[in-house]
Structures are given as C-alpha cells and as structure tokens.
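Okay, so here's the structure we're looking at.
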Amino acid sequence: MSVNVFDVLKERGFIAQTTHEDEIRDMLGKEPVTFYIGFDPTADSLHVGHFIQIMVMMHMQQAGHRPIALVGGGTAMVGDPSGRTDMRKMMTIDTIRHNAESFKKQLSRFLDFSEGKAVMVNNADWLLDLNYVEFLREIGVHFSVNRMLTAECFRSRLERGLSFLEFNYMLMQSYDFLMLYRKYNCKMQLGGDDQWSNILGGAELIRRVEGGSAYGMTFTLLTTSEGKKMGKTEAGALWLDPAKTSPYDFYQYWRNVDDADVMKCLALLTFLPMDEVRRLGSLKDEKINEAKKVLAYEVTKLVHGREEADKARAAAEALFGGGGAGAEVPGSTISMVQFRENANIIDILLLLGLIPSKGEGRRLIQQGGIYVNDERIDDIGHTLADNDLKDGSLMIRKGKKVYHKVTVKD
RNA sequence: GGAGGAGUACCCAAGUGGCCAAAGGGGGCAGACUGUAAAUCUGUUAGCUCAGCUUUCGGUGGUUCAAAUCCACCCUCCUCCA
C-alpha cells in the first residue's frame with residue numbers, strides 16, 4: 001500500500017474524532033481491515049448526509065479495506081435520539097422494510113459487493129428476535145446509566161424528554177458492532193460525528209465482552225461555513241434518488257454553494273486530487289464559479305452517473321450562459337387542451353406546480369418575479385396565447401433561477 | 001396518583017373581550033445590487049370568485065352583539081411531589 005488511507009481521509013478533512021489515532025493509522029496502513037457504517041432507513045432514499053459516509057467507504061474500499069454497509073432495519077424501530085431535540089415519530093414496520101430495500105439498492109451502486117469485497121447486512125436479522133431478559137443480562141449489564149447520561153447526545157435530551165425506548169438505542173447499536181466483530185471480525189465502526197457516543201459504546205462493549213480491540217472514528221458533518229447543516233433545501237433533504245431530487249436540481253444545489261464552502265465540498269464529495277482541490281478552492285471572486293461548476297459536475301457524476309451529469313450541466317449552461325437552446329431543461333409536457341384551459345398565467349403556474357397557491361402567484365407577478373419567454377409578466381390577469389409557443393413550447397421563469405420549460409402536445 | 005405551568009402562523013415569540021389574518025425576530029419567496037456566491041437594502045409571507053368573503057391561535061361545547069382572549073370538559077407537553 002502506497003498511501004495510507006488514514007492520511008487521505010485526514011488530508012481531505014473527513015476525520016472528526018478517533019478512538020486511538022495512532023493505532024488506527026498503523027492498522028489501516030499494514031493490513032486489510034473490515035469496518036462498518038450503519039444507515040437507519042428513516043426515509044425511502046439516502047440523502048447527501050449519507051453520501052459523505054459513502055465517500056468514506058469508497059475511499060476505504062479503494063485502499064483495500066472491506067466495508068460492511070449496515071442497514072438499520074432493527075434500530076430504525078427504536079429511533080436514534082442523537083442529534084435530535086425532540087422525539088422521533090415511531091415508524092411502522094412496513095415502512096421500515098420498504099425503506100431498507102431502497103437503501104440496499106442505492107448502496108449497491110456505490111460499492112463493489114462482488115467476491116466479498118463488501119458486505120451488506122441488516123441488523124433486523126439479529127435485533128428483532130432478541131430475548132429481553134437475556135439481552136439485559138448479556139449486554140445491559142455492561143452499561144452504566146450514570147455514564148450514559150453524561151453523554152452529550154442524552155444530556156441535551158434530558159431537558160426536553162427522552163423515552164426509555166430511545167434510551168436503549170445506544171445498546172442496540174453497540175450490540176450491532178459486537179455481532180459484526182464476532183461474525184466478520186469487524187474491527188472499526190465509522191459514522192457521522194453525531195454517532196460518537198454510540199460508536200464508543202460498541203467499542204467498549206467489545207473490549208469488555210471479548211477482550212478484543214475495536215476502534216471507532218467519526219467524520220465531519222457536512223455543514224456550511226456558518227455551521228448550518230448542508231444538503232437541506234426548502235423541499236427537504238437533498239436526496240440521492242433522482243425521482244425525489246432531480247439531477248438538475250442536485251447539480252444546481254452544488255453550483256450555488258457559498259464561496260467559503262467550495263473547497264470543503266470538493267475535498268469531501270469528489271475524488272479530485274487534493275492539489276486540484278486546493279487550486280480550485282483558492283480561486284477568487286468570479287473565478288470561483290469555475291470551481292463551483294467542477295464541484296457540481298463531479299458530485300452529480302458520482303451520484304447520478306456521467307450521462308445525467310452531462311445533461312444537467314448542458315441545461316445549466318443553456319439557461320444561465322445563454323448557450324444553445326437547451327435541450328435538457330427541466331420542465332413538463334401538457335396537452336393542448338390543458339394549455340388552453342389554463343391559459344391564465346396564474347392557472348398555468350399552479351398546474352405546473354411552480355406555486356402552491358394562487359395568492360402566491362399574484363404576489364410573484366406583482367413583485368415582478370415571473371417571466372414568460374424572458375418577458376416579465378406584470379399583469380395578474382395575463383393570459384397565454386397560442387403564439388406564445390415557439391416550436392410547441394415556452395419557457396417560464398420564476399425568480400432568477402427557477403426555469404420551467406412547458407412543452408405542449410396534442 | 002397529587003400540586004403547579006404551558007400549548008399562538010414554517011420556527012421562536014408578543015398578544016388576556018372589539019382597533020387581530022394576529023406585534024417582533026428567524027426562515028422562505030420576490031425585487032435592487034452582483035459572480036447562478038456572500039453581505040446589504042426594499043417588498044412580501046392563510047385561502048379564495050381578492051378593495052369583498054371564507055378558514056385560522058391544542059380539541060369540543062358554551063357565555064357574548066363581538067372570543068386567541070371569559071367559562072366547562074377533554075387532549076398533549078413540562079416542572080415539583082409519590
């Protein structure tokens with residue numbers, strides 16, 4: 001092994017906390033290591049927050065280590081209190097099962113699961129059949145409530161309330177680590193920095209029960225320079241599922257990150273060499289737009305593939321760069337009948353889902369935020385006519401950045 | 001189980017009979033300025049058949065010409081006691 005993956009992760013800014021920095025570095029440098037990261041299926045798609053963990057797994061796999069992707073079909077039944085200020089809604093078993101399937105599909109796109117190079121497990125397989133008393137006697141005995149309560153993730157919740165259900169989450173996750181240690185000789189657990197206490201719990205459990213050495217490492221959460229969580233949009237999270245967040249929107253999200261966050265995102269979310277990352281990240285003023293284009297393209301390519309990334313980039317250039325009459329511009333197709341029945345500008349905006357209510361539409365127009373074929377609409381009673389169509393389509397723009405191409409077919 | 005306290009729009013939070021579709025802040029959206037950035041400034045932020053009407057202040061019912069505001073019951077959360 002030429003370059004130690006630990007150094008790579010460190011240089012790129014992934015690592016937040018480690019249990020034993022030197023030992024971990026040594027181990028990763030001299031032998032293939034089996035490690036795991038857990039993903040609780042709380043939604044039907046992974047999002048960008050998960051993607052950073054996936055990046056880590058890819059880096060590790062490339063360095064010859066073996067990732068275990070754990071889908072938390074069992075732990076999702078309980079809900080992780082870490083990083084939450086309020087109680088989670090309990091999820092139904094069917095929902096969790098469905099989500100777990102989606103997670104599996106998405107994860108298998110990023111890692112090579114052939115020939116045992118990576119493993120996918122679901123902790124429902126061992127958690128759901130546990131016997132309560134046995135579990136308490138075998139595992140529960142090793143946990144000190146006093147100590148757990150001093151953990152940051154519980155302390156914040158003591159003020160707002162913490163159910164016994166959630167309190168057990170740490171034990172379940174610790175048990176996962178123990179199971180994987182026994183079954184796969186899994187020696188490391190990685191995760192987001194909010195997982196630190198849970199990871200420590202597992203590493204300590206293994207040391208106590210098995211006398212073995214287990215390690216943990218956490219990664220920076222993706223936050224903006226102002227400390228806000230990244231990957232959140234008004235519509236919710238930035239999903240990896242193209243049906244939930246279109247590749248175009250995904251591209252645009254990264255195209256529009258703050259100047260201050262460009263370098264961090266390039267390091268964490270692309271495989272570009274660090275020299276290049278540093279070069280792009282140090283660009284100033286409007287030059288930094290080049291870096292943002294690279295970022296948007298590279299991340300979209302990783303998540304959605306080259307073809308989708310090309311399309312997203314072409315659409316962006318057509319719309320913002322005044323380039324060719326964009327082919328892959330986001331939009332929708334309606335029938336001639338629909339077009340004529342909704343000729344009123346507000347009706348068509350509503351039909352296209354660009355506004356949530358007519359009141360919103362009136363406001364937008366009154367404030368000059370709606371354009372049809374690049375002409376500002378200033379009358380809330382404006383109606384579209386057939387000759388607004390150019391080659392059977394027209395372009396509606398809302399604000400500065402939201403483009404929607406309407407194609408009308410018979 | 002007992003004693004107190006609280007539940008207001010996307011979030012925080014003011015409002016304790018009419019002047020309340022509800023102050024202020026945050027967030028969002030739009031405009032100006034710009035680099036598809038940030039900061040700043042301005043407007044806006046329940047719905048509709050929009051200078052009028054309808055629905056909204058945990059829920060249900062009541063008092064009143066008039067209720068977010070008063071009364072009754074219920075639900076949820078918090079604190080202290082057991």
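Order determines the names: the first chain of the structure tokens is A, the second B, and so forth; residues in each chain are numbered 1 upward, and ligands are numbered 1 upward as they are shown.
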
At a cut-off of 8 Å, which residues of chain B touch chain A? Count only C-alpha atoms (C1' of nucleotides) and give the answer as a VMD selection string. chain B and resid 28 30 to 31 35 to 38 43 to 44 47

Filtering to N, CA and C atoms (P, O5', C5', C4', C3', O3' and C1' of nucleotides), could you give me those residues as an mmCIF file, in the first residue's frame?
data_model
loop_
_atom_site.group_PDB
_atom_site.id
_atom_site.type_symbol
_atom_site.label_atom_id
_atom_site.label_comp_id
_atom_site.auth_asym_id
_atom_site.auth_seq_id
_atom_site.Cartn_x
_atom_site.Cartn_y
_atom_site.Cartn_z
ATOM 1 P P G B 28 -33.644 31.237 4.208
ATOM 2 O "O5'" G B 28 -35.099 31.064 3.587
ATOM 3 C "C5'" G B 28 -35.613 29.768 3.323
ATOM 4 C "C4'" G B 28 -36.991 29.886 2.755
ATOM 5 C "C3'" G B 28 -37.092 30.709 1.478
ATOM 6 O "O3'" G B 28 -36.752 29.931 0.351
ATOM 7 C "C1'" G B 28 -38.802 31.363 2.966
ATOM 8 P P A B 30 -37.554 33.361 -5.523
ATOM 9 O "O5'" A B 30 -38.068 34.854 -5.758
ATOM 10 C "C5'" A B 30 -39.177 35.082 -6.604
ATOM 11 C "C4'" A B 30 -39.594 36.521 -6.512
ATOM 12 C "C3'" A B 30 -38.514 37.542 -6.842
ATOM 13 O "O3'" A B 30 -38.350 37.696 -8.237
ATOM 14 C "C1'" A B 30 -39.621 38.187 -4.867
ATOM 15 P P G B 31 -36.974 38.249 -8.773
ATOM 16 O "O5'" G B 31 -37.020 39.773 -8.329
ATOM 17 C "C5'" G B 31 -37.921 40.670 -8.966
ATOM 18 C "C4'" G B 31 -37.730 42.053 -8.398
ATOM 19 C "C3'" G B 31 -36.318 42.618 -8.492
ATOM 20 O "O3'" G B 31 -36.034 43.137 -9.774
ATOM 21 C "C1'" G B 31 -37.152 42.981 -6.326
ATOM 22 P P G B 35 -20.773 40.831 -11.764
ATOM 23 O "O5'" G B 35 -21.155 39.294 -11.555
ATOM 24 C "C5'" G B 35 -21.122 38.404 -12.663
ATOM 25 C "C4'" G B 35 -21.131 37.017 -12.057
ATOM 26 C "C3'" G B 35 -22.416 36.722 -11.295
ATOM 27 O "O3'" G B 35 -22.962 35.527 -11.769
ATOM 28 C "C1'" G B 35 -20.490 36.315 -9.966
ATOM 29 P P U B 36 -23.771 35.149 -12.784
ATOM 30 O "O5'" U B 36 -24.879 34.219 -12.097
ATOM 31 C "C5'" U B 36 -25.938 34.768 -11.335
ATOM 32 C "C4'" U B 36 -26.544 33.621 -10.541
ATOM 33 C "C3'" U B 36 -25.644 33.131 -9.419
ATOM 34 O "O3'" U B 36 -26.351 33.183 -8.193
ATOM 35 C "C1'" U B 36 -26.442 31.326 -10.740
ATOM 36 P P A B 37 -26.382 34.185 -7.086
ATOM 37 O "O5'" A B 37 -25.089 33.774 -6.248
ATOM 38 C "C5'" A B 37 -24.928 32.442 -5.808
ATOM 39 C "C4'" A B 37 -23.847 32.381 -4.771
ATOM 40 C "C3'" A B 37 -24.060 33.249 -3.541
ATOM 41 O "O3'" A B 37 -24.930 32.633 -2.616
ATOM 42 C "C1'" A B 37 -21.855 33.493 -4.294
ATOM 43 P P A B 38 -25.832 33.487 -1.688
ATOM 44 O "O5'" A B 38 -24.765 34.219 -0.758
ATOM 45 C "C5'" A B 38 -24.126 33.523 0.301
ATOM 46 C "C4'" A B 38 -23.142 34.445 0.964
ATOM 47 C "C3'" A B 38 -23.740 35.682 1.631
ATOM 48 O "O3'" A B 38 -24.197 35.382 2.928
ATOM 49 C "C1'" A B 38 -21.913 36.323 0.298
ATOM 50 P P G B 43 -40.099 48.063 3.050
ATOM 51 O "O5'" G B 43 -40.904 47.072 2.095
ATOM 52 C "C5'" G B 43 -41.721 47.584 1.056
ATOM 53 C "C4'" G B 43 -42.133 46.466 0.148
ATOM 54 C "C3'" G B 43 -42.921 45.340 0.805
ATOM 55 O "O3'" G B 43 -44.278 45.674 0.972
ATOM 56 C "C1'" G B 43 -41.263 44.426 -0.589
ATOM 57 P P U B 44 -45.124 45.027 2.176
ATOM 58 O "O5'" U B 44 -45.159 43.490 1.765
ATOM 59 C "C5'" U B 44 -45.900 43.053 0.629
ATOM 60 C "C4'" U B 44 -45.612 41.605 0.380
ATOM 61 C "C3'" U B 44 -46.017 40.670 1.516
ATOM 62 O "O3'" U B 44 -47.388 40.342 1.425
ATOM 63 C "C1'" U B 44 -43.841 40.120 0.797
ATOM 64 P P G B 47 -51.870 31.634 1.076
ATOM 65 O "O5'" G B 47 -53.363 31.143 0.871
ATOM 66 C "C5'" G B 47 -53.645 29.773 0.645
ATOM 67 C "C4'" G B 47 -55.130 29.598 0.505
ATOM 68 C "C3'" G B 47 -55.771 30.348 -0.655
ATOM 69 O "O3'" G B 47 -55.614 29.646 -1.871
ATOM 70 C "C1'" G B 47 -57.036 30.703 1.289
#

I'd like the neighbourhood of Gly331 in chain A as a PyMOL selection string, where a residue qualifies if any of its atoms comes within 9 Å (using only C-alpha atoms (C1' of nucleotides)), though same-chain residues fewer than 3 positions away should be ignored. chain A and resi 328+352+395+403-407

Let's have the selection written as an mmCIF file, in the first residue's frame, with all heavy atoms.
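Heads up, here's the output in selection-v4.cif:
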data_model
loop_
_atom_site.group_PDB
_atom_site.id
_atom_site.type_symbol
_atom_site.label_atom_id
_atom_site.label_comp_id
_atom_site.auth_asym_id
_atom_site.auth_seq_id
_atom_site.Cartn_x
_atom_site.Cartn_y
_atom_site.Cartn_z
ATOM 1 N N GLU A 328 -32.110 19.775 -22.501
ATOM 2 C CA GLU A 328 -32.440 19.006 -21.299
ATOM 3 C C GLU A 328 -32.903 19.895 -20.155
ATOM 4 O O GLU A 328 -32.602 19.644 -19.004
ATOM 5 C CB GLU A 328 -31.218 18.196 -20.869
ATOM 6 C CG GLU A 328 -30.810 17.156 -21.873
ATOM 7 C CD GLU A 328 -31.857 16.061 -22.023
ATOM 8 O OE1 GLU A 328 -32.724 15.937 -21.136
ATOM 9 O OE2 GLU A 328 -31.799 15.355 -23.040
ATOM 10 N N LEU A 352 -48.447 23.731 -13.126
ATOM 11 C CA LEU A 352 -47.083 23.233 -13.240
ATOM 12 C C LEU A 352 -46.434 23.000 -11.880
ATOM 13 O O LEU A 352 -45.318 22.508 -11.804
ATOM 14 C CB LEU A 352 -46.228 24.235 -14.023
ATOM 15 C CG LEU A 352 -46.695 24.493 -15.458
ATOM 16 C CD1 LEU A 352 -45.937 25.650 -16.060
ATOM 17 C CD2 LEU A 352 -46.528 23.243 -16.298
ATOM 18 N N MET A 395 -41.045 28.962 -22.275
ATOM 19 C CA MET A 395 -40.194 28.920 -21.087
ATOM 20 C C MET A 395 -40.768 29.846 -20.031
ATOM 21 O O MET A 395 -40.986 31.022 -20.280
ATOM 22 C CB MET A 395 -38.777 29.376 -21.468
ATOM 23 C CG MET A 395 -37.799 29.340 -20.334
ATOM 24 S SD MET A 395 -37.511 27.673 -19.731
ATOM 25 C CE MET A 395 -36.474 27.036 -21.050
ATOM 26 N N TYR A 403 -36.241 27.722 -13.680
ATOM 27 C CA TYR A 403 -36.710 27.654 -15.059
ATOM 28 C C TYR A 403 -37.635 26.471 -15.223
ATOM 29 O O TYR A 403 -37.412 25.412 -14.650
ATOM 30 C CB TYR A 403 -35.538 27.481 -16.019
ATOM 31 C CG TYR A 403 -34.696 28.721 -16.180
ATOM 32 C CD1 TYR A 403 -33.647 28.972 -15.314
ATOM 33 C CD2 TYR A 403 -34.957 29.629 -17.201
ATOM 34 C CE1 TYR A 403 -32.857 30.108 -15.458
ATOM 35 C CE2 TYR A 403 -34.183 30.759 -17.362
ATOM 36 C CZ TYR A 403 -33.129 30.987 -16.483
ATOM 37 O OH TYR A 403 -32.365 32.101 -16.635
ATOM 38 N N HIS A 404 -38.634 26.637 -16.028
ATOM 39 C CA HIS A 404 -39.536 25.513 -16.297
ATOM 40 C C HIS A 404 -39.981 25.598 -17.749
ATOM 41 O O HIS A 404 -40.599 26.569 -18.167
ATOM 42 C CB HIS A 404 -40.748 25.576 -15.361
ATOM 43 C CG HIS A 404 -41.509 24.285 -15.314
ATOM 44 N ND1 HIS A 404 -41.381 23.394 -14.283
ATOM 45 C CD2 HIS A 404 -42.392 23.736 -16.175
ATOM 46 C CE1 HIS A 404 -42.163 22.354 -14.513
ATOM 47 N NE2 HIS A 404 -42.775 22.533 -15.654
ATOM 48 N N LYS A 405 -39.619 24.572 -18.493
ATOM 49 C CA LYS A 405 -39.981 24.560 -19.903
ATOM 50 C C LYS A 405 -41.287 23.794 -20.064
ATOM 51 O O LYS A 405 -41.408 22.665 -19.602
ATOM 52 C CB LYS A 405 -38.873 23.861 -20.700
ATOM 53 C CG LYS A 405 -39.114 23.812 -22.186
ATOM 54 C CD LYS A 405 -37.941 23.103 -22.832
ATOM 55 C CE LYS A 405 -38.112 23.012 -24.332
ATOM 56 N NZ LYS A 405 -36.959 22.345 -24.941
ATOM 57 N N VAL A 406 -42.242 24.421 -20.706
ATOM 58 C CA VAL A 406 -43.530 23.776 -20.908
ATOM 59 C C VAL A 406 -43.627 23.339 -22.359
ATOM 60 O O VAL A 406 -43.513 24.165 -23.269
ATOM 61 C CB VAL A 406 -44.691 24.744 -20.606
ATOM 62 C CG1 VAL A 406 -46.016 24.017 -20.739
ATOM 63 C CG2 VAL A 406 -44.527 25.334 -19.235
ATOM 64 N N THR A 407 -43.816 22.069 -22.565
ATOM 65 C CA THR A 407 -43.999 21.559 -23.920
ATOM 66 C C THR A 407 -45.464 21.185 -24.083
ATOM 67 O O THR A 407 -46.025 20.506 -23.234
ATOM 68 C CB THR A 407 -43.112 20.320 -24.139
ATOM 69 O OG1 THR A 407 -41.771 20.664 -23.781
ATOM 70 C CG2 THR A 407 -43.158 19.887 -25.591
#

Env of Asp310 in chain A: 9 Å cut, atoms = only C-alpha atoms (C1' of nucleotides), seq-sep filter 3 positions within chain, self excluded. Answer as a list in words. Tyr297, Thr300, Lys301, Gly305, Arg306, Glu307, Arg313, Ala314 and Ala315 of chain A

Determine the nearest neighbour of Pro81 in chain A from the options A:Ser174, A:Asn123, A:Ser197, A:Gln17, counting only C-alpha atoms. A:Ser197
